[in-house]
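Colleague: Starting off with a structure, shown below.
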Amino acid sequence: MELEDDFDVFDPERLIECPYNKHHRIRACRFPYHLVKCMKSHPEVAKELATCPFNARHLVPQADLSDHVMKCDDKGFIEQDIVHQSCGFQREQTNTASTWQAPPCEEDWDAESVEESDSPFVWGVTNSAINSFQCTFEQKNHLPLRVRAPESFPSAGVSWKS
C-alpha cells in the first residue's frame, strides 16, 4: 500500500497510496483524514474493504484480511503493549500500600461558622458596622445618583421590593 519503503515509517511527509483510489498519493500525516473523505466518495469500494484490527489505516480486501492479520507489522506493537500492561498490572497488585498522607488541616469551619453567626447579613453593610451599632440602614446599591433600581422584574411583573 505504501509507495516508498525506504523512508522512515514514522516520517509524516512520506507518501501513502489511497486504498480507494490508486491515483491518490497522500502524505502520512494527512492520511487518516483522507481515508474518511475518500470512503464517503467511494462507498462501493468501501464495502469491499476491511479494516485491520491492529491499525485503522490498513484497509485491505475482505478476502485478504486474515492473511494481512497474520503478517501485519503493527501486530507486534499491540502484543508488546498487552505484555507491558499485564506486567504493570502485576506490579500494581504487589505495591498496593500507599505511603501518601494528607497534610494537616489548619482550618476549623465549625468555629468560623459560630463566630460569623453572631451578626446577621445585611446587604451593603459590613459586619463590623452592625456589631458596633454605627450603621445606617439605608439601601446602598452603588448606582449613580440619577440611576435607580427597577421596581419589578420585566418579565414577571412581580415587585421585588416590599
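Going through the C-alpha cells in order, the chains are called A, B, and so on, while each chain numbers its residues from 1 and the ligands are numbered from 1 in the order shown.
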Once DSSP has gone over the backbone, tell me which residues of region 37-81 of chain A are in strand (DSSP E), as a list of chain:residue names.
Modeller: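 Result set for region 37-81 of chain A (strand (DSSP E)): A:Leu49, A:Ala50, A:Thr51, A:Leu59, A:Val60, A:Pro61.
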Colleague: If you count only C-alpha atoms, which residues fall within 6 Å of region 62-76 of chain A, apart from same-chain ones fewer than 3 positions away, as a list in words?
Modeller: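 Neighbouring residues, sequence-local ones excluded: Leu49, Ala50, Phe54 and Glu79 of chain A.
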Colleague: Could those selected residues go to a file with N, CA and C atoms, as a PDB file, in the first residue's frame?
Modeller:
```pdb
ATOM      1  N   LEU A  49     -13.710  -3.396   1.243  1.00  0.00           N
ATOM      2  CA  LEU A  49     -12.503  -3.342   2.058  1.00  0.00           C
ATOM      3  C   LEU A  49     -12.818  -3.613   3.519  1.00  0.00           C
ATOM      4  N   ALA A  50     -11.841  -4.205   4.203  1.00  0.00           N
ATOM      5  CA  ALA A  50     -11.955  -4.469   5.636  1.00  0.00           C
ATOM      6  C   ALA A  50     -10.834  -3.720   6.355  1.00  0.00           C
ATOM      7  N   PHE A  54      -5.394  -4.051  13.964  1.00  0.00           N
ATOM      8  CA  PHE A  54      -4.210  -3.505  14.622  1.00  0.00           C
ATOM      9  C   PHE A  54      -3.897  -2.079  14.199  1.00  0.00           C
ATOM     10  N   GLU A  79       0.867  -6.516  20.665  1.00  0.00           N
ATOM     11  CA  GLU A  79       1.246  -7.608  21.566  1.00  0.00           C
ATOM     12  C   GLU A  79       2.199  -7.116  22.643  1.00  0.00           C
TER      13      GLU A  79
END
```
Colleague: Give the answer as one residue: which of A:Glu13, A:Glu106, A:Asp81, A:Glu151 has the shortest atom-to-atom distance to Arg25 (chain A), using only C-alpha atoms?
Modeller: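 So, comparing all the options, the nearest one is A:Glu13.
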Colleague: Would you list the contacts of region 41-47 of chain A as JSON, numbers by chain, taking every protein, DNA or RNA residue within 10 Å and counting only C-alpha atoms, but skipping same-chain residues closer than 6 positions in sequence?
Modeller: {"A": [19, 20, 21, 35, 59, 60, 61, 62]}
Colleague: Selection from above, N, CA and C atoms, as a short mmCIF file (atom, residue, chain, number, x, y, z; two decimals), in the first residue's frame, can you write it?
Modeller:
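What ended up in selection-v3.cif:
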```cif
data_model
loop_
_atom_site.label_atom_id
_atom_site.label_comp_id
_atom_site.auth_asym_id
_atom_site.auth_seq_id
_atom_site.Cartn_x
_atom_site.Cartn_y
_atom_site.Cartn_z
N PRO A 19 -6.23 3.48 -0.59
CA PRO A 19 -6.82 2.19 -0.96
C PRO A 19 -8.10 2.34 -1.78
N TYR A 20 -8.71 3.51 -1.77
CA TYR A 20 -9.95 3.73 -2.52
C TYR A 20 -9.68 4.16 -3.96
N ASN A 21 -8.60 4.92 -4.16
CA ASN A 21 -8.26 5.41 -5.49
C ASN A 21 -6.74 5.32 -5.63
N LEU A 35 -8.67 9.21 4.29
CA LEU A 35 -9.43 7.95 4.28
C LEU A 35 -10.92 8.20 4.53
N LEU A 59 -6.38 -0.74 5.15
CA LEU A 59 -7.63 -1.20 4.54
C LEU A 59 -7.26 -2.19 3.45
N VAL A 60 -7.73 -3.42 3.61
CA VAL A 60 -7.40 -4.49 2.67
C VAL A 60 -8.69 -5.13 2.18
N PRO A 61 -8.65 -5.80 1.02
CA PRO A 61 -9.85 -6.53 0.58
C PRO A 61 -10.27 -7.55 1.64
N GLN A 62 -11.57 -7.71 1.81
CA GLN A 62 -12.09 -8.59 2.86
C GLN A 62 -11.55 -10.01 2.74
#
```
Colleague: Which residue is closest to Ala56 (chain A)? Choose from A:Val36, A:Ile26, A:Ala111, A:Cys87 and count only C-alpha atoms.
Modeller: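 Among A:Val36, A:Ile26, A:Ala111, A:Cys87, it is A:Val36 that comes nearest to Ala56 (chain A).
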